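**Student:** As input, take start-v8.txt (compact mmCIF, C-alpha atoms and all ligand atoms):
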# COMPACT_ATOMS: atom_id res chain seq x y z
CA MET A 977 35.13 25.58 20.81
CA THR A 978 32.79 28.37 21.83
CA ARG A 979 30.90 28.00 18.63
CA ALA A 980 30.49 24.30 19.23
CA ILE A 981 29.06 24.92 22.70
CA VAL A 982 26.60 27.51 21.41
CA PHE A 983 25.61 25.14 18.64
CA THR A 984 25.02 22.28 21.09
CA PHE A 985 22.94 24.59 23.26
CA ILE A 986 20.73 25.59 20.31
CA MET A 987 20.35 21.96 19.34
CA THR A 988 19.23 21.05 22.86
CA ILE A 989 16.55 23.75 22.83
CA THR A 990 15.34 22.62 19.43
CA VAL A 991 15.06 19.04 20.60
CA MET A 992 13.12 20.11 23.68
CA HIS A 993 10.59 22.02 21.60
CA ALA A 994 10.26 19.54 18.78
CA ALA A 995 9.10 16.78 21.08
CA THR A 996 9.66 13.26 19.85
CA ALA A 997 6.73 11.32 18.54
CA GLY A 998 6.22 8.93 21.43
CA GLU A 999 6.21 5.19 21.09
CA ILE A 1000 3.49 2.58 20.78
CA ARG A 1001 4.28 -0.83 22.28
CA ASP A 1002 2.53 -4.03 23.21
CA TYR A 1003 -0.29 -3.42 20.72
CA SER A 1004 -3.01 -6.00 20.38
CA VAL A 1005 -6.22 -5.73 18.43
CA ILE A 1006 -9.33 -7.83 17.84
CA PHE A 1007 -11.34 -7.31 14.64
CA SER A 1008 -14.69 -8.98 14.93
CA LYS A 1009 -17.34 -9.63 12.27
CA THR A 1010 -19.42 -11.67 14.69
CA ASN A 1011 -22.99 -10.32 14.78
CA GLN A 1012 -21.94 -7.43 12.57
CA ASP A 1013 -23.81 -6.21 9.52
CA ALA A 1014 -22.08 -5.99 6.18
CA ALA A 1015 -19.56 -3.12 6.16
CA ASN A 1016 -19.43 -3.06 9.96
CA LEU A 1017 -16.65 -4.18 12.23
CA HIS A 1018 -16.31 -4.31 15.97
CA VAL A 1019 -12.81 -3.41 17.10
CA ALA A 1020 -11.16 -3.72 20.50
CA CYS A 1021 -7.53 -2.69 20.88
CA THR A 1022 -5.03 -1.96 23.57
CA PHE A 1023 -1.49 -0.60 23.52
CA LEU A 1024 1.11 0.93 25.75
CA LEU A 1025 1.65 4.56 24.83
CA ASP A 1026 5.00 5.91 25.94
CA PHE A 1027 4.95 9.69 25.54
CA GLN A 1028 8.74 9.89 25.88
CA ASP A 1029 9.46 13.65 25.59
CA ALA A 1030 6.13 14.48 23.97
CA ASP A 1031 3.18 16.19 25.62
CA SER A 1032 0.81 14.55 23.18
CA VAL A 1033 0.72 11.82 20.54
CA ALA A 1034 -1.58 11.89 17.51
CA MET A 1035 -2.82 8.79 15.74
CA ASN A 1036 -4.80 8.37 12.54
CA PHE A 1037 -8.25 7.17 13.47
CA GLY A 1038 -11.67 7.12 11.80
CA GLY A 1039 -13.12 7.46 8.33
CA GLY A 1040 -14.52 10.15 6.11
CA HIS A 1041 -18.07 9.50 7.01
CA GLU A 1042 -19.26 11.02 10.25
CA PHE A 1043 -20.64 7.66 11.36
CA SER A 1044 -17.45 5.68 10.81
CA VAL A 1045 -16.69 5.37 14.53
CA ASP A 1046 -19.56 4.63 16.85
CA ASN A 1047 -19.88 3.69 20.52
CA LEU A 1048 -16.31 4.68 21.21
CA ASN A 1049 -15.25 3.62 24.65
CA ILE A 1050 -11.87 4.63 26.07
CA ASP A 1051 -10.73 4.23 29.64
CA ASP A 1052 -9.00 7.59 30.22
CA ASP A 1053 -8.08 7.58 33.91
CA THR A 1054 -4.39 8.14 33.28
CA PHE A 1055 -4.40 10.50 30.28
CA GLU A 1056 -6.64 12.84 28.32
CA TYR A 1057 -7.72 12.45 24.76
CA GLU A 1058 -9.49 14.31 22.04
CA TYR A 1059 -11.04 12.67 19.00
CA ASN A 1060 -11.38 14.93 15.98
CA ARG A 1061 -13.72 13.18 13.56
CA LYS A 1062 -13.18 15.65 10.77
CA ALA A 1063 -9.42 15.41 10.92
CA LYS A 1064 -9.64 11.59 11.42
CA ARG A 1065 -7.28 11.91 14.31
CA ILE A 1066 -7.17 10.98 17.94
CA VAL A 1067 -4.78 12.93 20.14
CA PHE A 1068 -3.66 11.57 23.50
CA ARG A 1069 -2.38 14.08 26.04
CA ARG A 1070 -0.05 13.34 28.89
CA THR A 1071 -1.23 14.19 32.36
CA ALA A 1072 1.15 12.58 34.86
CA GLU A 1073 2.67 9.26 33.86
CA ARG A 1074 5.06 8.99 30.97
CA ALA A 1075 3.74 5.64 29.80
CA VAL A 1076 0.05 4.75 29.91
CA ARG A 1077 -2.06 1.84 28.75
CA VAL A 1078 -4.74 2.82 26.24
CA THR A 1079 -7.72 0.50 25.82
CA MET A 1080 -10.31 1.29 23.17
CA GLU A 1081 -13.42 -0.38 21.89
CA TYR A 1082 -15.74 0.81 19.11
CA ASP A 1083 -17.88 -0.08 16.12
CA TYR A 1084 -16.56 0.95 12.75
CA THR A 1085 -18.81 1.43 9.75
CA ASN A 1086 -16.76 1.39 6.61
CA LEU A 1087 -19.20 2.78 4.11
CA SER A 1088 -17.00 3.86 1.22
CA ALA A 1089 -15.03 0.67 0.65
CA PHE A 1090 -18.20 -1.38 0.89
CA PHE A 1091 -19.81 0.43 -1.98
CA ILE A 1092 -16.61 0.48 -3.96
CA TYR A 1093 -16.04 -3.25 -3.76
CA GLY A 1094 -19.67 -3.98 -4.06
CA GLU A 1095 -22.32 -6.57 -3.57
CA GLY A 1096 -21.10 -7.85 -0.24
CA ASP A 1097 -19.22 -10.96 -1.39
CA ALA A 1098 -15.91 -9.49 -0.28
CA GLU A 1099 -15.30 -6.60 2.06
CA LEU A 1100 -11.91 -4.96 1.94
CA TRP A 1101 -10.69 -3.07 4.94
CA GLU A 1102 -7.65 -0.97 4.23
CA THR A 1103 -6.27 2.34 5.41
CA SER A 1104 -5.23 3.58 1.98
CA PHE A 1105 -8.41 5.44 1.12
CA GLY A 1106 -8.67 7.38 4.34
CA GLU A 1107 -10.46 4.65 6.31
CA TYR A 1108 -8.39 4.45 9.46
CA PHE A 1109 -10.23 1.55 11.03
CA TYR A 1110 -7.70 1.08 13.82
CA PRO A 1111 -5.55 3.76 15.48
CA TYR A 1112 -1.93 4.07 14.38
CA VAL A 1113 0.91 6.54 14.00
CA PRO A 1114 1.52 6.65 10.24
CA ASN A 1115 4.92 5.75 8.79
CA THR A 1116 6.19 4.17 11.98
CA TYR A 1117 6.84 0.48 12.61
CA MET A 1118 5.20 -1.54 15.32
CA ASP A 1119 4.68 -5.03 16.69
CA VAL A 1120 1.06 -6.06 16.91
CA ALA A 1121 -0.90 -9.12 17.94
CA ILE A 1122 -3.99 -9.50 15.74
CA ARG A 1123 -7.03 -11.62 16.31
CA THR A 1124 -9.96 -11.87 13.94
CA GLU A 1125 -13.36 -13.35 14.66
CA THR A 1126 -15.81 -14.21 11.91
CA PRO A 1127 -19.13 -15.99 11.70
CA ASP A 1128 -19.18 -19.39 9.90
CA SER A 1129 -20.27 -17.70 6.71
CA LEU A 1130 -17.07 -15.66 6.30
CA SER A 1131 -13.36 -16.26 5.83
CA VAL A 1132 -10.63 -13.72 6.36
CA LEU A 1133 -7.49 -12.77 4.46
CA CYS A 1134 -4.92 -10.47 6.01
CA SER A 1135 -1.97 -8.52 4.65
CA TYR A 1136 0.16 -10.60 7.06
CA PRO A 1137 0.05 -14.28 7.92
CA LEU A 1138 -2.53 -15.36 10.47
CA LYS A 1139 -3.00 -18.81 11.93
CA THR A 1140 -6.49 -20.16 12.01
CA ASP A 1141 -8.09 -22.31 14.66
CA GLY A 1142 -9.83 -24.06 11.79
CA TYR A 1143 -13.16 -22.38 12.35
CA THR A 1144 -13.89 -18.79 13.10
CA LYS A 1145 -10.83 -17.32 14.79
CA CYS A 1146 -7.43 -16.32 13.42
CA ASN A 1147 -4.37 -15.03 15.24
CA GLY A 1148 -1.09 -13.53 14.25
CA ILE A 1149 1.84 -11.92 16.00
CA LEU A 1150 3.31 -9.45 13.57
CA GLN A 1151 6.67 -7.89 14.10
CA ASN A 1152 7.96 -4.56 12.92
CA ILE A 1153 5.19 -3.94 10.41
CA LEU A 1154 4.47 -0.57 8.83
CA ALA A 1155 1.74 0.80 11.09
CA GLN A 1156 -0.77 1.56 8.31
CA SER A 1157 -0.33 -1.74 6.48
CA ILE A 1158 -2.91 -3.98 8.16
CA THR A 1159 -5.46 -4.87 5.51
CA LEU A 1160 -8.28 -7.36 5.90
CA ALA A 1161 -10.59 -9.00 3.41
CA PHE A 1162 -13.73 -10.77 4.59
CA ILE A 1163 -14.95 -13.26 2.03
CA ARG A 1164 -18.40 -14.78 1.86
CA ASN A 1165 -17.66 -18.52 1.73
CA GLU A 1166 -20.80 -19.35 -0.19
CA ALA A 1167 -19.89 -16.98 -3.01
CA TYR A 1168 -16.28 -18.06 -3.48
CA ARG A 1169 -14.29 -21.03 -4.69
CA ARG A 1170 -10.69 -21.34 -3.59
CA THR A 1171 -8.09 -23.18 -5.63
CA SER A 1172 -4.36 -23.40 -5.15
CA ALA A 1173 -1.26 -24.15 -7.15
CA HIS A 1174 2.44 -24.66 -6.51
CA LEU A 1175 5.00 -22.46 -8.30
CA PRO A 1176 6.63 -24.25 -6.36
CA ASP A 1177 5.57 -22.04 -3.44
CA GLU A 1178 1.86 -22.27 -2.90
CA ILE A 1179 -0.47 -19.59 -4.17
CA SER A 1180 -4.20 -19.40 -3.50
CA ILE A 1181 -6.80 -18.06 -5.87
CA TYR A 1182 -10.28 -17.03 -4.78
CA GLN A 1183 -12.81 -16.68 -7.59
CA ILE A 1184 -16.50 -15.90 -7.50
CA LYS A 1185 -18.55 -19.00 -8.26
CA GLY A 1186 -20.13 -18.81 -11.67
CA MET A 1187 -17.68 -16.15 -12.84
CA GLU A 1188 -14.52 -18.27 -12.92
CA CYS A 1189 -12.02 -17.77 -15.69
CA SER A 1190 -11.19 -20.28 -18.42
CA GLU A 1191 -8.52 -22.90 -17.88
CA GLU A 1192 -6.30 -21.05 -20.30
CA ARG A 1193 -6.57 -17.80 -18.34
CA TYR A 1194 -5.85 -19.70 -15.13
CA GLU A 1195 -2.66 -21.11 -16.62
CA GLU A 1196 -1.72 -17.64 -17.85
CA LEU A 1197 -2.07 -16.29 -14.31
CA LEU A 1198 0.17 -19.00 -12.88
CA GLU A 1199 2.75 -18.56 -15.59
CA LEU A 1200 2.88 -14.77 -15.37
CA THR A 1201 3.00 -14.87 -11.57
CA LYS A 1202 5.91 -17.26 -11.63
CA ALA A 1203 7.83 -15.48 -14.38
CA SER A 1204 7.30 -11.95 -13.05
CA ILE A 1205 8.31 -12.93 -9.51
CA ALA A 1206 11.53 -14.43 -10.94
CA PHE A 1207 12.16 -11.33 -13.05
CA PHE A 1208 11.53 -8.78 -10.29
CA SER A 1209 13.46 -10.79 -7.67
CA ASN A 1210 16.41 -10.71 -10.01
CA VAL A 1211 16.11 -7.02 -10.91
CA TYR A 1212 15.72 -5.82 -7.33
CA GLY A 1213 18.15 -8.35 -5.86
CA GLU A 1214 15.56 -9.37 -3.29
CA ASN A 1215 13.25 -12.36 -3.22
CA TYR A 1216 9.47 -12.03 -3.14
CA ILE A 1217 9.35 -13.83 0.16
CA SER A 1218 11.00 -11.92 2.97
CA GLU A 1219 10.52 -12.97 6.58
CA GLU A 1220 11.62 -9.59 7.90
CA GLY A 1221 9.25 -7.75 5.57
CA GLY A 1222 6.39 -9.97 6.74
CA VAL A 1223 5.96 -11.46 3.25
CA THR A 1224 5.85 -15.16 4.03
CA ASN A 1225 4.16 -16.55 0.95
CA TYR A 1226 3.46 -15.93 -2.70
CA PRO A 1227 0.44 -13.70 -3.31
CA THR A 1228 -3.10 -14.87 -2.77
CA PHE A 1229 -5.39 -13.58 -5.50
CA LEU A 1230 -8.82 -12.41 -4.46
CA PHE A 1231 -11.13 -11.59 -7.35
CA HIS A 1232 -14.14 -9.50 -6.39
CA ASN A 1233 -17.24 -8.10 -8.01
CA GLY A 1234 -16.63 -4.48 -7.08
CA LYS A 1235 -17.19 -2.14 -9.95
CA GLY A 1236 -14.95 0.53 -11.41
CA PHE A 1237 -12.24 0.13 -8.88
CA SER A 1238 -8.52 -0.40 -9.12
CA ASN A 1239 -6.59 -3.55 -8.41
CA ARG A 1240 -4.77 -3.57 -5.11
CA TYR A 1241 -1.60 -5.08 -3.74
CA ASN A 1242 -1.97 -5.57 -0.02
CA ILE A 1243 1.21 -7.49 0.85
CA GLY A 1244 -0.36 -10.88 1.66
CA PHE A 1245 -2.96 -10.70 -1.08
CA ILE A 1246 -3.83 -9.02 -4.35
CA SER A 1247 -7.41 -8.02 -5.05
CA ALA A 1248 -8.77 -7.37 -8.52
CA SER A 1249 -11.94 -7.48 -10.54
CA GLN A 1250 -13.23 -10.97 -11.30
CA GLU A 1251 -14.95 -9.81 -14.46
CA LYS A 1252 -11.82 -8.17 -15.85
CA PHE A 1253 -9.72 -11.19 -14.89
CA SER A 1254 -12.08 -13.58 -16.67
CA THR A 1255 -12.80 -11.52 -19.78
CA TYR A 1256 -10.06 -9.00 -20.60
CA PRO A 1257 -7.63 -9.64 -23.49
CA ASP A 1258 -4.62 -9.64 -21.15
CA ILE A 1259 -3.85 -9.68 -17.44
CA TYR A 1260 -0.71 -7.52 -17.40
CA PRO A 1261 -2.25 -5.32 -14.66
CA LEU A 1262 -1.83 -8.26 -12.29
CA VAL A 1263 1.92 -8.20 -12.99
CA HIS A 1264 1.82 -4.53 -11.97
CA GLU A 1265 0.30 -5.62 -8.63
CA ILE A 1266 3.03 -8.24 -8.15
CA GLY A 1267 5.57 -5.48 -8.87
CA HIS A 1268 4.18 -3.54 -5.90
CA ARG A 1269 5.79 -6.13 -3.68
CA TRP A 1270 8.91 -4.01 -4.29
CA LEU A 1271 7.83 -0.56 -5.49
CA GLY A 1272 4.74 1.08 -4.08
CA GLU A 1273 2.90 2.57 -1.16
CA TRP A 1274 4.11 0.03 1.42
CA THR A 1275 7.80 0.56 0.66
CA LEU A 1276 8.20 4.03 -0.88
CA LEU A 1277 6.87 6.25 1.87
CA VAL A 1278 6.16 9.51 0.02
CA ASP A 1279 3.21 11.32 1.57
CA ASP A 1280 0.20 12.07 -0.57
CA GLY A 1281 0.24 15.77 -1.40
CA GLN A 1282 4.02 15.76 -1.93
CA PRO A 1283 5.34 16.58 -5.41
CA GLY A 1284 5.86 13.47 -7.52
CA ALA A 1285 4.09 11.23 -4.97
CA TYR A 1286 2.37 9.10 -7.61
CA PHE A 1287 5.26 9.12 -10.03
CA ILE A 1288 7.28 7.46 -7.25
CA LYS A 1289 4.56 5.09 -6.00
CA GLU A 1290 2.95 4.16 -9.34
CA SER A 1291 4.68 5.33 -12.55
CA LEU A 1292 7.98 3.66 -11.61
CA ASN A 1293 6.22 0.37 -10.97
CA GLU A 1294 4.21 0.59 -14.18
CA PHE A 1295 7.43 1.16 -16.09
CA MET A 1296 8.98 -1.89 -14.41
CA THR A 1297 5.87 -3.89 -15.36
CA LEU A 1298 6.57 -2.91 -18.97
CA MET A 1299 10.18 -3.97 -18.49
CA PHE A 1300 8.95 -7.41 -17.49
CA ILE A 1301 6.72 -7.56 -20.57
CA ARG A 1302 9.62 -6.51 -22.78
CA HIS A 1303 11.78 -9.22 -21.22
CA TYR A 1304 9.14 -11.95 -21.31
CA TYR A 1305 7.24 -11.32 -24.55
CA GLY A 1306 9.90 -9.39 -26.47
CA SER A 1307 10.25 -5.88 -27.81
CA GLN A 1308 7.43 -6.20 -30.34
CA THR A 1309 4.84 -6.64 -27.63
CA TYR A 1310 6.52 -3.87 -25.65
CA ASP A 1311 6.42 -1.47 -28.61
CA ARG A 1312 2.79 -2.31 -29.28
CA LEU A 1313 1.93 -1.49 -25.66
CA LEU A 1314 3.91 1.74 -25.77
CA ASP A 1315 2.00 2.75 -28.92
CA MET A 1316 -1.20 2.10 -27.07
CA TYR A 1317 0.01 4.20 -24.11
CA ARG A 1318 0.96 6.98 -26.53
CA SER A 1319 -2.42 6.96 -28.22
CA GLU A 1320 -4.24 6.98 -24.86
CA TYR A 1321 -2.09 9.90 -23.77
CA SER A 1322 -2.63 11.78 -27.05
CA LYS A 1323 -6.35 11.90 -26.31
CA ILE A 1324 -5.74 14.17 -23.31
CA LYS A 1325 -2.64 15.95 -24.58
CA GLY A 1326 -2.94 19.71 -24.11
CA MET A 1327 -6.25 19.35 -22.26
CA PRO A 1328 -6.73 20.46 -18.64
CA GLN A 1329 -6.30 16.84 -17.53
CA ASP A 1330 -2.80 16.81 -19.07
CA ARG A 1331 -0.84 17.89 -16.03
CA ALA A 1332 2.81 17.80 -15.20
CA ILE A 1333 3.55 14.36 -13.71
CA VAL A 1334 5.10 15.82 -10.53
CA ASP A 1335 1.87 17.71 -9.91
CA VAL A 1336 -0.19 14.54 -9.50
CA THR A 1337 0.07 14.28 -5.74
CA VAL A 1338 -3.02 12.16 -5.08
CA ASN A 1339 -3.90 9.14 -7.22
CA ASN A 1340 -6.52 10.83 -9.40
CA ASN A 1341 -5.05 10.95 -12.89
CA ASN A 1342 -4.57 7.52 -14.43
CA ILE A 1343 -3.50 8.63 -17.89
CA VAL A 1344 -0.79 10.94 -16.58
CA ILE A 1345 0.50 8.49 -13.97
CA TYR A 1346 0.14 5.11 -15.75
CA ARG A 1347 0.65 6.22 -19.37
CA LYS A 1348 2.57 9.49 -19.61
CA GLY A 1349 4.89 8.54 -16.71
CA PRO A 1350 6.13 5.30 -18.34
CA LEU A 1351 6.46 7.12 -21.70
CA VAL A 1352 8.83 9.63 -20.08
CA LEU A 1353 10.82 6.81 -18.50
CA ASP A 1354 10.96 4.99 -21.83
CA SER A 1355 12.48 8.05 -23.48
CA ILE A 1356 15.16 8.14 -20.75
CA ALA A 1357 15.79 4.41 -21.23
CA ARG A 1358 16.31 4.98 -24.95
CA LYS A 1359 19.09 7.44 -24.08
CA ILE A 1360 20.94 5.51 -21.38
CA GLY A 1361 19.82 1.92 -22.01
CA TYR A 1362 17.01 -0.16 -20.53
CA ASP A 1363 19.27 -2.20 -18.27
CA GLU A 1364 20.90 0.95 -16.97
CA LEU A 1365 17.57 2.58 -16.09
CA MET A 1366 16.30 -0.62 -14.46
CA GLU A 1367 19.48 -0.74 -12.38
CA ILE A 1368 18.96 2.89 -11.32
CA ILE A 1369 15.36 2.20 -10.22
CA SER A 1370 16.45 -0.96 -8.45
CA GLY A 1371 19.21 0.95 -6.62
CA PHE A 1372 16.67 3.56 -5.56
CA TYR A 1373 14.47 0.82 -4.14
CA ARG A 1374 17.32 -0.81 -2.24
CA GLY A 1375 18.47 2.52 -0.82
CA HIS A 1376 15.11 3.97 0.19
CA ALA A 1377 12.60 1.20 0.82
CA GLY A 1378 10.85 1.59 4.15
CA LYS A 1379 12.50 4.91 4.98
CA TYR A 1380 10.40 7.89 5.95
CA PRO A 1381 10.14 10.61 4.84
CA LEU A 1382 10.90 9.99 1.19
CA LYS A 1383 10.85 12.82 -1.33
CA TYR A 1384 10.72 13.11 -5.10
CA ALA A 1385 14.07 14.96 -4.92
CA ASP A 1386 15.63 11.79 -3.43
CA PHE A 1387 14.82 10.01 -6.67
CA ILE A 1388 16.09 12.79 -8.93
CA ASN A 1389 19.32 13.03 -6.90
CA HIS A 1390 19.76 9.29 -7.08
CA VAL A 1391 19.36 9.33 -10.87
CA ASN A 1392 21.86 12.20 -11.19
CA GLU A 1393 24.36 10.33 -9.02
CA SER A 1394 23.99 7.20 -11.13
CA SER A 1395 24.05 8.91 -14.51
CA ALA A 1396 25.28 12.51 -14.62
CA GLY A 1397 22.71 15.02 -15.84
CA ILE A 1398 20.02 12.39 -16.51
CA GLY A 1399 18.18 13.18 -13.28
CA ASP A 1400 17.90 16.83 -14.33
CA LYS A 1401 16.73 15.82 -17.77
CA LEU A 1402 14.08 13.53 -16.26
CA ASP A 1403 13.09 16.20 -13.74
CA SER A 1404 12.41 18.74 -16.47
CA MET A 1405 10.30 16.24 -18.43
CA LEU A 1406 8.29 15.38 -15.32
CA LYS A 1407 7.66 19.06 -14.67
CA ASN A 1408 6.60 19.77 -18.23
CA GLU A 1409 2.90 19.81 -18.88
CA SER A 1410 3.09 18.14 -22.26
CA LEU A 1411 5.39 15.52 -23.69
ZN ZN A 1501 -0.34 0.33 -8.73
Would you kindly transcribe this structure into structure tokens?
**Tutor:**
Amino acid sequence: MTRAIVFTFIMTITVMHAATAGEIRDYSVIFSKTNQDAANLHVACTFLLDFQDADSVAMNFGGGHEFSVDNLNIDDDTFEYEYNRKAKRIVFRRTAERAVRVTMEYDYTNLSAFFIYGEGDAELWETSFGEYFYPYVPNTYMDVAIRTETPDSLSVLCSYPLKTDGYTKCNGILQNILAQSITLAFIRNEAYRRTSAHLPDEISIYQIKGMECSEERYEELLELTKASIAFFSNVYGENYISEEGGVTNYPTFLFHNGKGFSNRYNIGFISASQEKFSTYPDIYPLVHEIGHRWLGEWTLLVDDGQPGAYFIKESLNEFMTLMFIRHYYGSQTYDRLLDMYRSEYSKIKGMPQDRAIVDVTVNNNNIVIYRKGPLVLDSIARKIGYDELMEIISGFYRGHAGKYPLKYADFINHVNESSAGIGDKLDSMLKNESL
């Protein structure tokens, strides 16, 4: 009894010191491209900030470049704030009232993504590369009303469904979305041609005029999209479309002319290189993007910098992409791809770039994450069976999707629980420098 009282007392003190995070409610934001140069956005947002027990609340805000946020205007009569450009953070401090309304307006210059995606035909605005173009508390969920405004020359795609007024304005009321998951693409209408198909759900495809793929490639995209969605839905026991997850339609494909940059899955749309789509021998990487509907940065909330972060967010999904290929094209195609992965890996084997997979904690080592990672998983699958390993990965998804924080150890423990000793075996392979 006494011990219990003392314990409760200690707990109370701990709770008082570790103040809760505060809550953001009634968030609405306007993203405007009207009268904005390329790579610029005017943003106006407002939200109710309830400090709850906290003295201060920090939000991600701003980009790497010192000019990312300009003309910042915040009405701070009822609170104090401090914007740290270097840390890309804005901290709100409580003065008197527990809940205050924050209203902000600013210009945002997104330099890095503009150069990455290139040539101005499509601008992608996303938080994933450290461009926090609207304020948010990472890894929390929020309701938000979005409005976009574009000149006649542009169209917009969003990670979540927006309704258009038919011209230049779009609106959406999004519920319980992951705070960092708003992504926007502004498309230059003149440069793009949109087509659509029914699988039977409708998908849209935006291609750059004059760079469009062959009819055969187009059919291949439709077929692979349809077949991989069916495969993954079955494996994960969850349909592609999920009202509660904000996924209300099959993916829209946006092909861009950015150079040397990865494909992206951004919930409502997938962006990828037009040139690669039109000319490469296969389009399996697009299946990988479809796979991110289930496994990836929007569902498996492992922080960058954590051990195994990119094994969890990328290697698992690349392995599942291979599982689709094995299922759809057969084991010959699968083995041929694995041989290719092995030969790509062998070129860096034993070199400084050949790091332990768990040590890749930011996405900066493609061979280790997208080649060596799947090779390790394949060797586990050969021991316990492919179906068994797929079931383990699927169970991990179902148990941990959307939960924060997620750790590499959660995966290893899950594997051990499903198949005794196999988690430890996998763990030691992932920690080894060389295969
Ligand atoms: Zn990926």
**Student:** Tell me, as number ranges by chain, which residues lie within 6 Å of His1264 in chain A, counting all atoms listed in the file; anything in the same chain fewer than 3 positions away does not count.
**Tutor:** A: 1261, 1267, 1297
**Student:** I want to know what sits within 9 Å of Tyr1260 in chain A, based on only C-alpha atoms, with residues of the same chain fewer than 6 positions away left out; could you give that as a ChimeraX atom specification?
**Tutor:** /A:1200,1297-1298,1301
**Student:** Could you write out the selected residues, including C-alpha atoms, as a PDB file, in the frame of the given file?
**Tutor:**
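Contents of again19.pdb, as written:
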ATOM      1  CA  LEU A1200       2.880 -14.770 -15.370  1.00  0.00           C
ATOM      2  CA  THR A1297       5.870  -3.890 -15.360  1.00  0.00           C
ATOM      3  CA  LEU A1298       6.570  -2.910 -18.970  1.00  0.00           C
ATOM      4  CA  ILE A1301       6.720  -7.560 -20.570  1.00  0.00           C
TER       5      ILE A1301
END
**Student:** Counting only C-alpha atoms, what is within 12 Å of Ser1322 in chain A, bar same-chain residues fewer than 3 positions away, as number ranges by chain?
**Tutor:** A: 1315-1319, 1325-1327, 1329-1330, 1343-1344, 1347-1348, 1351, 1410-1411
**Student:** Go ahead and dump the residues you just picked, C-alpha atoms, as a compact mmCIF listing (two decimals), in the coordinates of the input.
**Tutor:**
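Okay, this is what ended up in selection16.txt:
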# COMPACT_ATOMS: atom_id res chain seq x y z
CA ASP A 1315 2.00 2.75 -28.92
CA MET A 1316 -1.20 2.10 -27.07
CA TYR A 1317 0.01 4.20 -24.11
CA ARG A 1318 0.96 6.98 -26.53
CA SER A 1319 -2.42 6.96 -28.22
CA LYS A 1325 -2.64 15.95 -24.58
CA GLY A 1326 -2.94 19.71 -24.11
CA MET A 1327 -6.25 19.35 -22.26
CA GLN A 1329 -6.30 16.84 -17.53
CA ASP A 1330 -2.80 16.81 -19.07
CA ILE A 1343 -3.50 8.63 -17.89
CA VAL A 1344 -0.79 10.94 -16.58
CA ARG A 1347 0.65 6.22 -19.37
CA LYS A 1348 2.57 9.49 -19.61
CA LEU A 1351 6.46 7.12 -21.70
CA SER A 1410 3.09 18.14 -22.26
CA LEU A 1411 5.39 15.52 -23.69
**Student:** Hey, which of A:Tyr1286, A:Tyr1310, A:Phe1068, A:Tyr1362 ends up closest to ligand ZN 1501 (chain A)? Count only C-alpha atoms and all ligand atoms.
**Tutor:**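 Nearest to ligand ZN 1501 (chain A): A:Tyr1286.
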**Student:** Could you please extract the residues within 9 Å of ligand ZN 1501 (chain A), counting all atoms listed in the file, and hand them back as an MDAnalysis selection string?
**Tutor:** chainID A and resid 1238:1241 1261 1264:1265 1267:1268 1271:1273 1289:1291 1293:1294 1346
**Student:** Any idea what the distance is between CA of Ser1307 in chain A and CA of Thr1201 in chain A?
**Tutor:**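 One can read the CA of Ser1307 in chain A to CA of Thr1201 in chain A distance as 19.9 Å.
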**Student:** Which is closest to Arg1269 in chain A among A:Tyr1256, A:Glu1214, A:Arg1312, A:Arg1302, if we use only C-alpha atoms?
**Tutor:** A:Glu1214
**Student:** Between CA of Glu1220 in chain A and CA of Ile1266 in chain A, what is the distance in Å, rounded to a tenth?
**Tutor:**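 Pair CA of Glu1220 in chain A / CA of Ile1266 in chain A returns 18.3 Å.
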**Student:** When you count only C-alpha atoms, which of these residues is closest to Asp1177 in chain A: A:Pro1381, A:Gly1371, A:Pro1137, A:Pro1227?
**Tutor:**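 Ranking A:Pro1381, A:Gly1371, A:Pro1137, A:Pro1227 by distance to Asp1177 in chain A, first place goes to A:Pro1227.
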**Student:** Could you tell me how far CA of Ser1172 in chain A lies from CA of Tyr1194 in chain A, in Å and to one decimal?
**Tutor:**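 Separation of CA of Ser1172 in chain A and CA of Tyr1194 in chain A: 10.7 Å.
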**Student:** With a distance cut-off of 9 Å and all atoms listed in the file, select the neighbouring residues of Phe1023 in chain A, excluding the residue or stretch itself and same-chain residues fewer than 4 positions from it, and output the selection as JSON, numbers by chain.
**Tutor:** {"A": [1000, 1001, 1002, 1003, 1004, 1005, 1076, 1077, 1078, 1079, 1120]}
**Student:** With all atoms listed in the file as the counted atoms, please give the residues lying no more than 10 Å from Asp1335 in chain A, apart from itself and same-chain residues fewer than 3 positions off, as an MDAnalysis selection string.
**Tutor:** chainID A and resid 1281:1287 1331:1332 1338 1344 1406:1409
**Student:** Please, which residues in range 1194-1248 of chain A fall within 12 Å of range 1138-1151 of chain A when counting all atoms listed in the file, and what is the closest atom pair and distance in Å to one decimal for each, ordered by chain then residue number, as CSV?
**Tutor:**
residue,atom,partner,partner_atom,distance
A:Glu1219,CA,A:Gln1151,CA,9.9
A:Glu1220,CA,A:Gln1151,CA,8.1
A:Gly1221,CA,A:Gln1151,CA,8.9
A:Gly1222,CA,A:Leu1150,CA,7.5
A:Val1223,CA,A:Leu1150,CA,10.8
A:Thr1224,CA,A:Leu1138,CA,10.6
A:Asn1225,CA,A:Leu1138,CA,11.7
A:Gly1244,CA,A:Leu1138,CA,10.1
